[in-house]
Number of protein chains: 2
Amino acid sequence: MARNKRLQDREEKQKEIMSAARTLFLNEGYDATSMSRIANIAGVAPNTIYWYFKDKDELLVNILNTELIDRFSTYIELQTKNIIERILWVIDQFKLVKQLVTTVHGRLHLSPEIYIWHERFHILVENLLRQELIQSGVEEGRIEAKVKIAIFTVEGLLAHELTDDEKHAICSELFKL
Amino acid sequence: MARNKRLQDREEKQKEIMSAARTLFLNEGYDATSMSRIANIAGVAPNTIYWYFKDKDELLVNILNTELIDRFSTYIELQTKNIIERILWVIDQFKLVKQLVTTVHGRLHLSPEIYIWHERFHILVENLLRQELIQSGVEEGRIEAKVKIAIFTVEGLLAHELTDDEKHAICSELFKL
DNA sequence: ACCTGAACACCGTTCAAGT
DNA sequence: ACCTGAACACCGTTCAAGT
């Protein structure tokens with residue numbers, strides 16, 4: 001199975017590069033992380049990364065996707081807790097990705113890949129919030145506006161440093177009525 | 001008045017640089033605008049900018065401040081219209097600055113100047129929204145949470161492209177009850 | 001197919017040298 | 001005081017050349 005061996009090697013190398021990029025992106029931020037540093041940690045030449053990924057943006061989108069899948073699958077197993085606790089959990093989880101929220105917004109109109117990823121992400125989260133709002137008994141006509149307010153608030157809570165008490169008060173207010 | 005002449009020249013040159021930077025920052029974005037292009041339009045050598053401004057971030061903060069003062073002073077004269085119209089006006093005004101909202105959030109932790117500016121800006125807008133919410137009769141205990149939700153929503157409306165109807169529905173929902 | 005050294009066309013910023 | 005040319009230490013990315 002030479003074919004499979006090759007494929008496995010390729011995936012492994014890809015994962016090494018992504019893992020190096022992931023830690024750097026999360027700790028230092030996207031702009032502050034150079035391809036050279038990623039390559040250094042992954043143990044390859046800087047231009048080798050371009051064999052596995054089209055460019056820096058595609059590398060970011062790949063990391064965002066695996067990150068999203070990981071968190072989302074554990075979210076599903078959280079249906080026992082109440083709405084506010086679930087939303088707070090989401091915010092807490094995404095604290096790590098906080099740096100990248102701003103990066104994504106900033107690169108929307110520079111990278112088509114990121115634009116598409118962002119659209120998909122919003123639809124996903126909006127569906128999730130809509131379901132939560134329906135379940136908590138918000139009347140039909142107000143749901144769409146409330147969904148938008150909710151997602152903007154979640155983004156705000158990610159972008160700005162607030163205390164746990166403030167976060168809790170805001171989430172309660174969000175799902176009141 | 002050689003002294004005054006000098007001062008005037010200095011301010012004029014500063015304004016020329018800021019005006020060049022302003023148009024480029026708003027149209028192309030902060031990162032996409034190089035100091036060379038700014039210098040080119042302002043008619044100076046790239047490094048001359050550093051005689052007038054400490055660095056690119058300080059240049060941005062200066063532009064943000066004059067922009068803020070301009071818009072804010074006309075906002076004061078808007079007290080006749082109702083709350084929703086006033087907020088929609090704010091969002092419409094800041095559409096131009098949209099690009100820079102993301103930039104500011106992205107550079108918060110890279111530049112102390114921008115960090116301080118952002119804090120001041122938030123306090124200003126929060127005071128404004130708090131006043132609006134008090135006037136529309138929101139009960140004491142819920143005001144602080146509602147203020148945060150309102151400011152996050154305004155930021156969200158700036159960062160994301162929505163239709164006028166959606167914007168209106170969201171603002172009405174924000175100031176309901 | 002996979003990886004690299006060298007190069008390209010940029011950055012923001014500094015500094016010695018000019019006026 | 002004001003302005004500049006030249007240089008510095010970077011970027012992300014490309015490409016011809018190797019295995």
# chains A, B, ... in the order shown; residues from 1 in each chain; ligands from 1
>>> residues_around(residues="DC15 (chain C)", least_positions_apart="6", cutoff="12 Å", atoms="only C-alpha atoms (C1' of nucleotides)", output="ChimeraX atom specification")
/B:47 /D:4-8
>>> interface_residues(of="chain B", to="chain A", cutoff="7 Å", atoms="only C-alpha atoms", output="list in words")
Thr102, Thr103, His105, Gly106, Ala145, Ile149, Phe152, Thr153, Gly156, Ala169, Ile170 and Glu173 of chain B
>>> residues_around(residues="region 60-71 of chain B", least_positions_apart="2", cutoff="9 Å", atoms="only C-alpha atoms (C1' of nucleotides)", output="list in words")
Met18, Ser19, Ala21, Arg22, Phe25, Tyr30, Asp55, Lys56, Asp57, Glu58, Ser73, Thr74, Tyr75, Val90, Gln93, Phe94, Val97, Leu100, Glu113, Ile114, Trp117 and Phe121 of chain B
>>> atom_distance(atom1="CA of Ser34 (chain B)", atom2="CA of Ala20 (chain B)")
11.3 Å
>>> interface_residues(of="chain D", to="chain A", cutoff="8 Å", atoms="only C-alpha atoms (C1' of nucleotides)", output="CSV table (one decimal) with all heavy atoms, in the first residue's frame")
chain,number,residue,atom,x,y,z
D,11,DC,P,9.1,38.1,9.8
D,11,DC,OP1,8.8,37.5,11.1
D,11,DC,OP2,10.0,37.3,8.8
D,11,DC,O5',7.8,38.4,9.1
D,11,DC,C5',7.8,38.6,7.7
D,11,DC,C4',6.7,39.3,7.2
D,11,DC,O4',7.2,40.4,6.4
D,11,DC,C3',6.0,38.4,6.2
D,11,DC,O3',4.7,38.0,6.8
D,11,DC,C2',5.8,39.3,5.0
D,11,DC,C1',7.0,40.3,5.1
D,11,DC,N1,8.3,39.9,4.4
D,11,DC,C2,8.4,40.0,3.0
D,11,DC,O2,7.4,40.4,2.4
D,11,DC,N3,9.6,39.7,2.4
D,11,DC,C4,10.6,39.3,3.2
D,11,DC,N4,11.8,39.1,2.6
D,11,DC,C5,10.5,39.2,4.6
D,11,DC,C6,9.4,39.5,5.2
D,12,DG,P,4.3,36.5,6.7
D,12,DG,OP1,3.2,36.3,7.7
D,12,DG,OP2,5.5,35.7,6.8
D,12,DG,O5',3.7,36.4,5.2
D,12,DG,C5',2.7,37.3,4.9
D,12,DG,C4',2.5,37.2,3.4
D,12,DG,O4',3.7,37.7,2.8
D,12,DG,C3',2.1,35.9,2.8
D,12,DG,O3',1.1,36.0,1.8
D,12,DG,C2',3.5,35.4,2.3
D,12,DG,C1',4.1,36.7,1.8
D,12,DG,N9,5.6,36.6,1.9
D,12,DG,C8,6.4,36.3,3.0
D,12,DG,N7,7.7,36.3,2.7
D,12,DG,C5,7.7,36.8,1.4
D,12,DG,C6,8.9,37.0,0.6
D,12,DG,O6,10.1,36.9,0.9
D,12,DG,N1,8.5,37.4,-0.7
D,12,DG,C2,7.2,37.6,-1.1
D,12,DG,N2,7.1,38.0,-2.3
D,12,DG,N3,6.1,37.4,-0.3
D,12,DG,C4,6.5,37.0,0.9
D,13,DT,P,0.6,34.7,1.1
D,13,DT,OP1,-0.7,35.1,0.5
D,13,DT,OP2,0.7,33.6,2.0
D,13,DT,O5',1.6,34.6,-0.1
D,13,DT,C5',1.8,35.6,-1.0
D,13,DT,C4',2.8,35.3,-2.1
D,13,DT,O4',4.1,35.3,-1.5
D,13,DT,C3',2.6,33.9,-2.7
D,13,DT,O3',2.3,34.1,-4.1
D,13,DT,C2',4.0,33.2,-2.5
D,13,DT,C1',4.9,34.4,-2.2
D,13,DT,N1,6.1,34.1,-1.4
D,13,DT,C2,7.4,34.4,-2.0
D,13,DT,O2,7.5,34.8,-3.1
D,13,DT,N3,8.4,34.1,-1.2
D,13,DT,C4,8.4,33.6,0.1
D,13,DT,O4,9.4,33.4,0.7
D,13,DT,C5,7.1,33.4,0.6
D,13,DT,C7,6.9,32.8,2.0
D,13,DT,C6,6.0,33.6,-0.1
>>> atom_distance(atom1="CA of Ile83 (chain B)", atom2="CA of Ile123 (chain A)")
29.7 Å
>>> select_by_dssp(residues="region 11-55 of chain B", states="helix (DSSP H, G or I)", output="PyMOL selection string")
chain B and resi 11-28+35-42+46-52
